[in-house]
Amino acid sequence: MPVDRATRHVLDVGCLVAGRSADISFLRAGRGEPVLLLHGFASDANDDWVETGWFDALVAAGFDVVTPDLRGHGESVKSRDPADYRLKAFAGDVAALRDHCWGDRRFSLIGYSMGAHIAMSVTLASADRVASLVLGGMGDRIAATVGLAPEFADALDEQDGRSEDRREPPSYAVRFRQHAASRPFNDLAVLAACLRGQSGVFDLGRLSAVTAPTLVIVGEQDRLAGAPYPVAALFPGGVGQTVPGVNHASALADQNFRERAVAHLARDAAAIIT
């Protein structure tokens, strides 16, 4: 049976801090239990979820799949004001999209890296609405800190010319800038504002209130995220897993990583139906 093709839509989610309207672009396909996918930083819905096979796999498994380009990314609204990228703003966009697509129905939620932080924030704001939760690329090294270290934003802000009083960014930050610049929809100054706006501390203690079955899954070679088990232990129904042979950048393209997450959702969806 052929898989439904994703169609692109646009949703007005309100206004930016300066008053300009804010639109979120999203992809949708499939029928069945609702599931929402949230991509990582400097990526978009197509790169993280469509090109890697997640979107089609979930549609084929019987889900109604929705995935947005988060603000500052892909085809969604972009701003160079850090105030537009507070975690609360991302979570508000996701809540508006959820209500637009499914009303008051319960839904499952998958987030990767930055998307996992947003998924945790969304879940805390509406714990009774989230049926199942998957946090990918989320380990003990990054769970408590939202955003990347300041040198990443500084590297994204770098221009071709450099004043003599500015220091060269670290090599790893320069490599990240090169990676971000290779994506056609990325605006590096926007991404720098995004990092500065969402930078902060996440109150992990609040996660004890989340009742949804939660899978925290990380590549075994993911040195950025760290171990999933301490994070999983923060959730009453949390389970931690590592997937061999993958790191933070390669995890989403790994079939084993994807199949474990889809199986977690499928079990919980079957429990809801029965």
# chains A, B, ... in the order shown; residues from 1 in each chain; ligands from 1
>>> select_by_dssp(residues="region 50-247 of chain A", states="strand (DSSP E)", output="PyMOL selection string")
chain A and resi 63-68+107-112+130-136+145-146+200-201+214-219+238-243
>>> select_by_dssp(residues="region 10-252 of chain A", states="alpha helix (DSSP H)", output="ChimeraX atom specification")
/A:45,54-60,87-102,114-125,150-156,171-181,188-198,229-232
>>> closest_residue(among="A:Ala127, A:Ala180, A:Leu133, A:Leu156", to="Asp44 (chain A)", atoms="only C-alpha atoms")
A:Ala180
>>> closest_residue(among="A:Leu58, A:Ser76, A:Ser132, A:Asp64", to="Leu11 (chain A)", atoms="only C-alpha atoms")
A:Ser76
>>> residues_around(residues="Ala144 (chain A)", least_positions_apart="5", cutoff="10 Å", atoms="only C-alpha atoms", output="VMD selection string")
chain A and resid 117 138 to 139 200 to 205 231
>>> atom_distance(atom1="CA of Val35 (chain A)", atom2="CA of Ala225 (chain A)")
23.7 Å
>>> residues_around(residues="Cys194 (chain A)", least_positions_apart="2", cutoff="8 Å", atoms="only C-alpha atoms", output="ChimeraX atom specification")
/A:72,80-82,84-85,190-192,196-198
>>> write_last_selection(atoms="N, CA, C and O atoms", output="PDB file, in the first residue's frame")
ATOM      1  N   GLY A  72      12.364  30.270  13.201  1.00  0.00           N
ATOM      2  CA  GLY A  72      13.776  30.486  12.952  1.00  0.00           C
ATOM      3  C   GLY A  72      14.403  29.451  12.036  1.00  0.00           C
ATOM      4  O   GLY A  72      15.585  29.545  11.712  1.00  0.00           O
ATOM      5  N   ARG A  80      15.616  38.159  13.940  1.00  0.00           N
ATOM      6  CA  ARG A  80      16.975  38.276  14.473  1.00  0.00           C
ATOM      7  C   ARG A  80      16.976  38.839  15.889  1.00  0.00           C
ATOM      8  O   ARG A  80      18.002  39.293  16.380  1.00  0.00           O
ATOM      9  N   ASP A  81      15.819  38.770  16.530  1.00  0.00           N
ATOM     10  CA  ASP A  81      15.666  39.231  17.908  1.00  0.00           C
ATOM     11  C   ASP A  81      15.664  38.018  18.839  1.00  0.00           C
ATOM     12  O   ASP A  81      14.752  37.179  18.767  1.00  0.00           O
ATOM     13  N   PRO A  82      16.660  37.883  19.721  1.00  0.00           N
ATOM     14  CA  PRO A  82      16.686  36.735  20.633  1.00  0.00           C
ATOM     15  C   PRO A  82      15.415  36.574  21.463  1.00  0.00           C
ATOM     16  O   PRO A  82      15.058  35.444  21.846  1.00  0.00           O
ATOM     17  N   ASP A  84      12.500  36.524  20.570  1.00  0.00           N
ATOM     18  CA  ASP A  84      11.506  35.708  19.870  1.00  0.00           C
ATOM     19  C   ASP A  84      11.770  34.214  20.004  1.00  0.00           C
ATOM     20  O   ASP A  84      10.995  33.406  19.464  1.00  0.00           O
ATOM     21  N   TYR A  85      12.841  33.838  20.698  1.00  0.00           N
ATOM     22  CA  TYR A  85      13.224  32.432  20.738  1.00  0.00           C
ATOM     23  C   TYR A  85      13.294  31.873  22.147  1.00  0.00           C
ATOM     24  O   TYR A  85      14.019  30.922  22.416  1.00  0.00           O
ATOM     25  N   VAL A 190      20.033  34.571  12.145  1.00  0.00           N
ATOM     26  CA  VAL A 190      18.801  34.128  12.797  1.00  0.00           C
ATOM     27  C   VAL A 190      19.105  32.992  13.778  1.00  0.00           C
ATOM     28  O   VAL A 190      18.611  32.980  14.911  1.00  0.00           O
ATOM     29  N   LEU A 191      19.919  32.038  13.352  1.00  0.00           N
ATOM     30  CA  LEU A 191      20.265  30.926  14.229  1.00  0.00           C
ATOM     31  C   LEU A 191      21.049  31.396  15.452  1.00  0.00           C
ATOM     32  O   LEU A 191      20.861  30.872  16.558  1.00  0.00           O
ATOM     33  N   ALA A 192      21.920  32.397  15.267  1.00  0.00           N
ATOM     34  CA  ALA A 192      22.646  32.956  16.411  1.00  0.00           C
ATOM     35  C   ALA A 192      21.669  33.575  17.407  1.00  0.00           C
ATOM     36  O   ALA A 192      21.795  33.391  18.625  1.00  0.00           O
ATOM     37  N   ARG A 196      20.891  32.464  21.394  1.00  0.00           N
ATOM     38  CA  ARG A 196      20.965  33.418  22.505  1.00  0.00           C
ATOM     39  C   ARG A 196      19.613  33.558  23.216  1.00  0.00           C
ATOM     40  O   ARG A 196      19.551  33.746  24.426  1.00  0.00           O
ATOM     41  N   GLY A 197      18.540  33.448  22.456  1.00  0.00           N
ATOM     42  CA  GLY A 197      17.215  33.610  23.046  1.00  0.00           C
ATOM     43  C   GLY A 197      16.782  32.449  23.906  1.00  0.00           C
ATOM     44  O   GLY A 197      16.128  32.635  24.940  1.00  0.00           O
ATOM     45  N   GLN A 198      17.144  31.233  23.510  1.00  0.00           N
ATOM     46  CA  GLN A 198      16.673  30.070  24.269  1.00  0.00           C
ATOM     47  C   GLN A 198      17.647  29.639  25.357  1.00  0.00           C
ATOM     48  O   GLN A 198      17.361  28.726  26.126  1.00  0.00           O
TER      49      GLN A 198
END
>>> closest_residue(among="A:Arg28, A:Arg175, A:Arg129, A:Arg105", to="Ala212 (chain A)", atoms="only C-alpha atoms")
A:Arg129
>>> residues_around(residues="Val10 (chain A)", least_positions_apart="5", cutoff="12 Å", atoms="only C-alpha atoms", output="list in words")
Ala22, Asp23, Ile24, Ser25, Phe26, Leu27, Arg28, Val66, Thr67, Pro68, Asp69, Leu70, Glu75, Ser76, Val77, Asp93, Ala96, Leu97, His100 and Cys101 of chain A
>>> write_last_selection(atoms="all heavy atoms", output="compact mmCIF listing (two decimals), in the first residue's frame")
# COMPACT_ATOMS: atom_id res chain seq x y z
N ALA A 22 3.52 36.01 12.87
CA ALA A 22 4.36 34.82 12.90
C ALA A 22 3.61 33.65 12.29
O ALA A 22 2.52 33.29 12.76
CB ALA A 22 4.77 34.51 14.33
N ASP A 23 4.19 33.06 11.25
CA ASP A 23 3.61 31.90 10.58
C ASP A 23 4.53 30.70 10.75
O ASP A 23 5.75 30.83 10.65
CB ASP A 23 3.41 32.16 9.09
CG ASP A 23 2.36 33.22 8.81
OD1 ASP A 23 1.44 33.36 9.64
OD2 ASP A 23 2.46 33.90 7.78
N ILE A 24 3.94 29.55 10.99
CA ILE A 24 4.68 28.30 11.10
C ILE A 24 4.31 27.40 9.92
O ILE A 24 3.14 27.15 9.66
CB ILE A 24 4.36 27.58 12.43
CG1 ILE A 24 4.83 28.42 13.61
CG2 ILE A 24 5.02 26.20 12.47
CD1 ILE A 24 6.30 28.70 13.64
N SER A 25 5.32 26.94 9.21
CA SER A 25 5.12 26.02 8.10
C SER A 25 5.23 24.58 8.64
O SER A 25 6.11 24.29 9.45
CB SER A 25 6.18 26.26 7.02
OG SER A 25 6.06 25.32 5.97
N PHE A 26 4.32 23.70 8.19
CA PHE A 26 4.38 22.32 8.69
C PHE A 26 3.96 21.33 7.62
O PHE A 26 3.28 21.67 6.65
CB PHE A 26 3.51 22.16 9.95
CG PHE A 26 2.02 22.33 9.73
CD1 PHE A 26 1.19 21.23 9.57
CD2 PHE A 26 1.44 23.59 9.74
CE1 PHE A 26 -0.18 21.37 9.39
CE2 PHE A 26 0.07 23.75 9.56
CZ PHE A 26 -0.75 22.64 9.39
N LEU A 27 4.39 20.09 7.81
CA LEU A 27 4.05 18.98 6.92
C LEU A 27 3.08 18.05 7.64
O LEU A 27 3.16 17.87 8.86
CB LEU A 27 5.31 18.19 6.54
CG LEU A 27 6.40 18.95 5.80
CD1 LEU A 27 7.65 18.10 5.67
CD2 LEU A 27 5.91 19.38 4.43
N ARG A 28 2.17 17.46 6.84
CA ARG A 28 1.20 16.55 7.45
C ARG A 28 0.83 15.44 6.47
O ARG A 28 0.71 15.67 5.27
CB ARG A 28 -0.07 17.30 7.85
CG ARG A 28 -1.09 16.43 8.61
CD ARG A 28 -2.29 17.23 9.07
NE ARG A 28 -3.11 16.46 9.98
CZ ARG A 28 -4.21 16.90 10.58
NH1 ARG A 28 -4.63 18.16 10.35
NH2 ARG A 28 -4.91 16.13 11.40
N VAL A 66 2.35 15.01 11.99
CA VAL A 66 2.53 16.44 11.76
C VAL A 66 3.93 16.83 12.23
O VAL A 66 4.35 16.42 13.31
CB VAL A 66 1.48 17.26 12.53
CG1 VAL A 66 1.79 18.76 12.46
CG2 VAL A 66 0.09 17.00 11.98
N THR A 67 4.64 17.60 11.41
CA THR A 67 5.96 18.07 11.81
C THR A 67 6.19 19.49 11.30
O THR A 67 6.11 19.75 10.11
CB THR A 67 7.08 17.12 11.34
OG1 THR A 67 8.35 17.67 11.72
CG2 THR A 67 7.05 16.89 9.84
N PRO A 68 6.44 20.44 12.20
CA PRO A 68 6.65 21.83 11.79
C PRO A 68 8.13 22.15 11.55
O PRO A 68 9.02 21.50 12.10
CB PRO A 68 6.15 22.61 13.00
CG PRO A 68 6.51 21.73 14.17
CD PRO A 68 6.35 20.31 13.68
N ASP A 69 8.36 23.16 10.74
CA ASP A 69 9.63 23.87 10.78
C ASP A 69 9.52 24.82 11.96
O ASP A 69 8.69 25.74 11.96
CB ASP A 69 9.85 24.68 9.50
CG ASP A 69 10.14 23.82 8.28
OD1 ASP A 69 10.51 22.64 8.45
OD2 ASP A 69 9.96 24.33 7.15
N LEU A 70 10.31 24.60 13.00
CA LEU A 70 10.23 25.46 14.18
C LEU A 70 10.64 26.88 13.84
O LEU A 70 11.40 27.12 12.89
CB LEU A 70 11.12 24.89 15.28
CG LEU A 70 10.70 23.50 15.78
CD1 LEU A 70 11.79 22.88 16.64
CD2 LEU A 70 9.39 23.57 16.55
N GLU A 75 11.02 26.92 6.51
CA GLU A 75 10.16 27.89 5.85
C GLU A 75 9.29 28.68 6.83
O GLU A 75 8.40 29.42 6.41
CB GLU A 75 9.28 27.17 4.82
CG GLU A 75 10.08 26.50 3.71
CD GLU A 75 9.21 25.90 2.61
OE1 GLU A 75 8.14 26.46 2.33
OE2 GLU A 75 9.60 24.86 2.04
N SER A 76 9.54 28.53 8.11
CA SER A 76 8.76 29.26 9.12
C SER A 76 9.34 30.65 9.37
O SER A 76 10.42 31.00 8.87
CB SER A 76 8.71 28.46 10.43
OG SER A 76 7.88 27.32 10.28
N VAL A 77 8.61 31.43 10.15
CA VAL A 77 8.99 32.81 10.43
C VAL A 77 10.41 32.91 11.00
O VAL A 77 10.84 32.04 11.77
CB VAL A 77 7.98 33.46 11.40
CG1 VAL A 77 8.02 32.79 12.77
CG2 VAL A 77 8.19 34.96 11.51
N ASP A 93 4.02 27.89 19.96
CA ASP A 93 3.79 27.54 18.56
C ASP A 93 3.29 26.10 18.43
O ASP A 93 2.35 25.81 17.67
CB ASP A 93 5.08 27.67 17.75
CG ASP A 93 5.57 29.10 17.63
OD1 ASP A 93 4.79 30.03 17.89
OD2 ASP A 93 6.75 29.27 17.26
N ALA A 96 -0.29 25.72 19.60
CA ALA A 96 -1.23 26.25 18.59
C ALA A 96 -1.39 25.27 17.44
O ALA A 96 -2.50 25.05 16.93
CB ALA A 96 -0.73 27.60 18.08
N LEU A 97 -0.28 24.67 17.01
CA LEU A 97 -0.34 23.69 15.92
C LEU A 97 -1.10 22.45 16.33
O LEU A 97 -1.94 21.93 15.57
CB LEU A 97 1.10 23.33 15.50
CG LEU A 97 1.25 22.29 14.40
CD1 LEU A 97 0.57 22.75 13.12
CD2 LEU A 97 2.73 22.01 14.14
N HIS A 100 -4.78 23.27 16.38
CA HIS A 100 -5.26 23.44 15.01
C HIS A 100 -5.51 22.09 14.33
O HIS A 100 -6.52 21.92 13.64
CB HIS A 100 -4.24 24.26 14.22
CG HIS A 100 -4.52 24.31 12.75
ND1 HIS A 100 -5.50 25.11 12.19
CD2 HIS A 100 -3.94 23.64 11.70
CE1 HIS A 100 -5.51 24.94 10.88
NE2 HIS A 100 -4.59 24.06 10.56
N CYS A 101 -4.60 21.16 14.53
CA CYS A 101 -4.69 19.87 13.83
C CYS A 101 -5.64 18.88 14.50
O CYS A 101 -6.35 18.13 13.81
CB CYS A 101 -3.30 19.24 13.73
SG CYS A 101 -2.16 20.11 12.63
>>> closest_residue(among="A:Val210, A:Val50, A:Ala266, A:Cys15", to="Thr123 (chain A)", atoms="only C-alpha atoms")
A:Val210
